[in-house]
Amino acid sequence: MKSTFHGTDALEIISPSMRLCIRTEFNEKPSTQFCVRTEFNEKAPPSDKKYTGPQNAQELMKALDADYNKGHAKTEVSVSRKGNGIETESYSSNLTISEIDARYPRVEWLQLLLDRGIIIGNFYEYASNLSNRHALALLEDNPNLWESGVLDIPPTDDWETYKAAYIDKLVEIEVTKAEIEVTIERSKEQIERAKVQIEHSKKDLEHARKQIARAQAALEHLKEPMPPQKPN
């Protein structure tokens with residue numbers, strides 16, 4: 001059976017002390033579940049905090065890095081594989097920020113993704129893309145995963161080849177998400193324009209009704225018999 005790779009993102013409300021939790025799942029049906037979970041405390045900004053500056057790593061970090069550092073609580077990665085409904089393998093990782101930064105420096109990682117067409121427009125997208133480094137680290141530390149072709153990526157014994165294919169998958173998912181969001185926003189704008197047009201049409205219709213009523217009243221007035229004129 002051919003496996004199907006897809007990725008999903010979610011925000012969770014997990015406790016009053018946690019601002020947000022980002023959970024990214026890469027599911028390869030029917031056998032593999034791959035989850036990246038990042039928790040942020042109350043020091044983190046709202047997930048939809050906007051970023052409207054230039055799309056380059058230095059400017060993004062200048063605007064959002066301090067918030068990320070203050071709010072980041074932990075990132076955990078887990079992989080489980082099943083055979084005949086029974087878990088046969090499991091992997092996990094919970095590297096600290098300093099450990100993951102040493103392996104995949106933020107500025108280089110962010111610029112790599114930006115150069116590939118990913119657009120980061122808020123804190124959630126910034127944090128989510130940084131969290132994906134943790135998944136990459138777990139994969140690198142477990143060669144049997146990429147040698148077996150996990151995540152619907154062709155098996156290989158060359159890490160750089162697998163790494164490039166994994167990044168291609170990330171970019172594909174993020175670009176597709178961005179395109180969907182643009183489509184949704186355009187649809188919302190079209191709906192709002194349609195609402196305005198409907199309101200204008202209602203006003204035009206009401207105006208036409210009033211004109212018809214006045215015309216009918218004038219017509220009825222013309223139908224009334226003229227009073228007899230007095231002789232001179």
# chains A, B, ... in the order shown; residues from 1 in each chain; ligands from 1
$ select_by_dssp --residues "segment 26-220 of chain A" --states "helix (DSSP H, G or I)" --output "PyMOL selection string"
chain A and resi 57-71+97-103+106-115+123-141+143-147+150-152+159-220
$ select_by_dssp --residues "segment 9-190 of chain A" --states "strand (DSSP E or B)" --output "NGL selection string"
:A and (9-12 or 18-29 or 32-41 or 50 or 72-83 or 86-93 or 122)
$ write_last_selection --atoms "C-alpha atoms" --output "PDB file, in the first residue's frame"
ATOM      1  CA  ASP A   9      -0.453  22.428  12.298  1.00  0.00           C
ATOM      2  CA  ALA A  10      -2.536  23.209  15.353  1.00  0.00           C
ATOM      3  CA  LEU A  11      -2.658  25.625  18.253  1.00  0.00           C
ATOM      4  CA  GLU A  12      -3.645  24.161  21.607  1.00  0.00           C
ATOM      5  CA  MET A  18       0.820  28.390  28.806  1.00  0.00           C
ATOM      6  CA  ARG A  19       0.273  31.035  26.151  1.00  0.00           C
ATOM      7  CA  LEU A  20       0.102  28.533  23.306  1.00  0.00           C
ATOM      8  CA  CYS A  21       1.254  25.179  22.074  1.00  0.00           C
ATOM      9  CA  ILE A  22       2.226  24.519  18.481  1.00  0.00           C
ATOM     10  CA  ARG A  23       1.736  20.944  17.369  1.00  0.00           C
ATOM     11  CA  THR A  24       2.888  19.886  13.931  1.00  0.00           C
ATOM     12  CA  GLU A  25       2.079  16.374  12.786  1.00  0.00           C
ATOM     13  CA  PHE A  26       3.452  14.568   9.779  1.00  0.00           C
ATOM     14  CA  ASN A  27       1.392  11.448   9.241  1.00  0.00           C
ATOM     15  CA  GLU A  28       2.442   8.738   6.871  1.00  0.00           C
ATOM     16  CA  LYS A  29      -0.526   6.427   6.694  1.00  0.00           C
ATOM     17  CA  THR A  32       4.049   6.367  11.007  1.00  0.00           C
ATOM     18  CA  GLN A  33       3.117   9.302  13.229  1.00  0.00           C
ATOM     19  CA  PHE A  34       5.596  12.151  13.560  1.00  0.00           C
ATOM     20  CA  CYS A  35       4.784  14.973  15.985  1.00  0.00           C
ATOM     21  CA  VAL A  36       6.623  18.195  16.867  1.00  0.00           C
ATOM     22  CA  ARG A  37       5.178  19.917  19.940  1.00  0.00           C
ATOM     23  CA  THR A  38       6.370  23.323  21.154  1.00  0.00           C
ATOM     24  CA  GLU A  39       4.998  24.980  24.285  1.00  0.00           C
ATOM     25  CA  PHE A  40       5.172  28.691  25.114  1.00  0.00           C
ATOM     26  CA  ASN A  41       4.554  30.297  28.492  1.00  0.00           C
ATOM     27  CA  LYS A  50       1.906  40.501  13.076  1.00  0.00           C
ATOM     28  CA  HIS A  72       9.694  29.254  24.717  1.00  0.00           C
ATOM     29  CA  ALA A  73       9.126  26.548  27.323  1.00  0.00           C
ATOM     30  CA  LYS A  74      10.079  23.350  25.507  1.00  0.00           C
ATOM     31  CA  THR A  75       9.981  21.502  22.212  1.00  0.00           C
ATOM     32  CA  GLU A  76       9.469  17.761  22.014  1.00  0.00           C
ATOM     33  CA  VAL A  77       9.584  15.505  18.982  1.00  0.00           C
ATOM     34  CA  SER A  78       8.130  12.015  18.861  1.00  0.00           C
ATOM     35  CA  VAL A  79       7.965   9.352  16.183  1.00  0.00           C
ATOM     36  CA  SER A  80       6.055   6.105  16.412  1.00  0.00           C
ATOM     37  CA  ARG A  81       5.801   3.359  13.844  1.00  0.00           C
ATOM     38  CA  LYS A  82       3.251   0.577  13.834  1.00  0.00           C
ATOM     39  CA  GLY A  83       2.890  -2.796  12.210  1.00  0.00           C
ATOM     40  CA  ILE A  86       1.026  -2.629  17.180  1.00  0.00           C
ATOM     41  CA  GLU A  87       3.737  -0.068  17.917  1.00  0.00           C
ATOM     42  CA  THR A  88       7.040  -1.481  16.726  1.00  0.00           C
ATOM     43  CA  GLU A  89       9.349   1.541  17.049  1.00  0.00           C
ATOM     44  CA  SER A  90       9.329   4.827  18.926  1.00  0.00           C
ATOM     45  CA  TYR A  91      11.722   7.761  19.071  1.00  0.00           C
ATOM     46  CA  SER A  92      11.728  11.015  21.000  1.00  0.00           C
ATOM     47  CA  SER A  93      13.843  14.119  21.434  1.00  0.00           C
ATOM     48  CA  ASN A 122       3.342  36.467  12.451  1.00  0.00           C
TER      49      ASN A 122
END
$ atom_distance --atom1 "atom CA of Ile212 of chain A" --atom2 "atom CA of Arg193 of chain A"
28.4 Å
$ atom_distance --atom1 "atom CA of Ala135 of chain A" --atom2 "atom CA of Thr183 of chain A"
28.9 Å
$ residues_around --residues "segment 137-149 of chain A" --least-positions-apart "5" --cutoff "7 Å" --atoms "only C-alpha atoms" --output "list in words"
Ser93, Pro154, Pro155, Thr156, Asp157 and Tyr162 of chain A
$ closest_residue --among "A:Ile120, A:Val171, A:Leu112, A:Ile180" --to "Asp48 of chain A" --atoms "only C-alpha atoms"
A:Ile120
$ atom_distance --atom1 "atom CA of Lys70 of chain A" --atom2 "atom CA of Lys177 of chain A"
27.2 Å
$ closest_residue --among "A:Lys169, A:Arg103, A:His134, A:Arg214" --to "Ile153 of chain A" --atoms "only C-alpha atoms"
A:Lys169
$ residues_around --residues "Ile118 of chain A" --least-positions-apart "4" --cutoff "10 Å" --atoms "only C-alpha atoms" --output "list in words"
Gln55, Leu110, Gln111, Leu112, Leu113, Leu114, Glu125, Asn129, Leu170, Val171, Glu172, Ile173, Glu174, Val175, Thr176, Lys177 and Ala178 of chain A
$ closest_residue --among "A:Asp152, A:Glu160, A:Glu108, A:Glu189" --to "Gln58 of chain A" --atoms "only C-alpha atoms"
A:Glu108
$ decode --residues "segment 65-91 of chain A" --atoms "N, CA and C atoms" --output "JSON list (two decimals), in the first residue's frame"
[["chain", "number", "residue", "atom", "x", "y", "z"],
["A", 65, "ASP", "N", 12.67, 37.54, 17.80],
["A", 65, "ASP", "CA", 13.53, 36.61, 18.52],
["A", 65, "ASP", "C", 13.45, 36.76, 20.04],
["A", 66, "ALA", "N", 13.40, 38.00, 20.52],
["A", 66, "ALA", "CA", 13.34, 38.22, 21.97],
["A", 66, "ALA", "C", 12.07, 37.59, 22.55],
["A", 67, "ASP", "N", 10.94, 37.75, 21.84],
["A", 67, "ASP", "CA", 9.69, 37.14, 22.29],
["A", 67, "ASP", "C", 9.80, 35.62, 22.30],
["A", 68, "TYR", "N", 10.44, 35.07, 21.28],
["A", 68, "TYR", "CA", 10.60, 33.62, 21.19],
["A", 68, "TYR", "C", 11.43, 33.11, 22.37],
["A", 69, "ASN", "N", 12.53, 33.79, 22.66],
["A", 69, "ASN", "CA", 13.41, 33.35, 23.74],
["A", 69, "ASN", "C", 12.73, 33.43, 25.10],
["A", 70, "LYS", "N", 11.97, 34.51, 25.33],
["A", 70, "LYS", "CA", 11.30, 34.69, 26.61],
["A", 70, "LYS", "C", 10.16, 33.69, 26.80],
["A", 71, "GLY", "N", 9.46, 33.39, 25.72],
["A", 71, "GLY", "CA", 8.25, 32.58, 25.85],
["A", 71, "GLY", "C", 8.44, 31.09, 25.67],
["A", 72, "HIS", "N", 9.52, 30.67, 25.01],
["A", 72, "HIS", "CA", 9.69, 29.25, 24.72],
["A", 72, "HIS", "C", 9.86, 28.44, 26.00],
["A", 73, "ALA", "N", 9.03, 27.43, 26.16],
["A", 73, "ALA", "CA", 9.13, 26.55, 27.32],
["A", 73, "ALA", "C", 9.87, 25.26, 26.97],
["A", 74, "LYS", "N", 9.39, 24.57, 25.93],
["A", 74, "LYS", "CA", 10.08, 23.35, 25.51],
["A", 74, "LYS", "C", 9.56, 22.91, 24.15],
["A", 75, "THR", "N", 10.38, 22.13, 23.47],
["A", 75, "THR", "CA", 9.98, 21.50, 22.21],
["A", 75, "THR", "C", 10.29, 20.01, 22.30],
["A", 76, "GLU", "N", 9.30, 19.21, 21.99],
["A", 76, "GLU", "CA", 9.47, 17.76, 22.01],
["A", 76, "GLU", "C", 9.11, 17.19, 20.65],
["A", 77, "VAL", "N", 9.85, 16.19, 20.24],
["A", 77, "VAL", "CA", 9.58, 15.50, 18.98],
["A", 77, "VAL", "C", 9.37, 14.03, 19.28],
["A", 78, "SER", "N", 8.37, 13.45, 18.66],
["A", 78, "SER", "CA", 8.13, 12.02, 18.86],
["A", 78, "SER", "C", 7.78, 11.36, 17.53],
["A", 79, "VAL", "N", 8.26, 10.15, 17.37],
["A", 79, "VAL", "CA", 7.96, 9.35, 16.18],
["A", 79, "VAL", "C", 7.56, 7.96, 16.65],
["A", 80, "SER", "N", 6.46, 7.48, 16.12],
["A", 80, "SER", "CA", 6.05, 6.10, 16.41],
["A", 80, "SER", "C", 5.70, 5.41, 15.11],
["A", 81, "ARG", "N", 6.09, 4.16, 15.03],
["A", 81, "ARG", "CA", 5.80, 3.36, 13.84],
["A", 81, "ARG", "C", 5.07, 2.10, 14.28],
["A", 82, "LYS", "N", 4.08, 1.72, 13.48],
["A", 82, "LYS", "CA", 3.25, 0.58, 13.83],
["A", 82, "LYS", "C", 3.25, -0.46, 12.72],
["A", 83, "GLY", "N", 3.07, -1.69, 13.14],
["A", 83, "GLY", "CA", 2.89, -2.80, 12.21],
["A", 83, "GLY", "C", 1.75, -3.65, 12.69],
["A", 84, "ASN", "N", 0.75, -3.86, 11.85],
["A", 84, "ASN", "CA", -0.45, -4.62, 12.23],
["A", 84, "ASN", "C", -1.12, -4.03, 13.47],
["A", 85, "GLY", "N", -1.10, -2.68, 13.55],
["A", 85, "GLY", "CA", -1.76, -2.00, 14.65],
["A", 85, "GLY", "C", -0.98, -1.99, 15.94],
["A", 86, "ILE", "N", 0.21, -2.57, 15.97],
["A", 86, "ILE", "CA", 1.03, -2.63, 17.18],
["A", 86, "ILE", "C", 2.26, -1.76, 17.00],
["A", 87, "GLU", "N", 2.56, -0.94, 18.01],
["A", 87, "GLU", "CA", 3.74, -0.07, 17.92],
["A", 87, "GLU", "C", 5.00, -0.91, 17.90],
["A", 88, "THR", "N", 5.81, -0.70, 16.88],
["A", 88, "THR", "CA", 7.04, -1.48, 16.73],
["A", 88, "THR", "C", 8.29, -0.66, 17.00],
["A", 89, "GLU", "N", 8.21, 0.67, 16.80],
["A", 89, "GLU", "CA", 9.35, 1.54, 17.05],
["A", 89, "GLU", "C", 8.85, 2.87, 17.61],
["A", 90, "SER", "N", 9.66, 3.49, 18.45],
["A", 90, "SER", "CA", 9.33, 4.83, 18.93],
["A", 90, "SER", "C", 10.62, 5.60, 19.18],
["A", 91, "TYR", "N", 10.57, 6.89, 18.91],
["A", 91, "TYR", "CA", 11.72, 7.76, 19.07],
["A", 91, "TYR", "C", 11.23, 9.07, 19.68]]
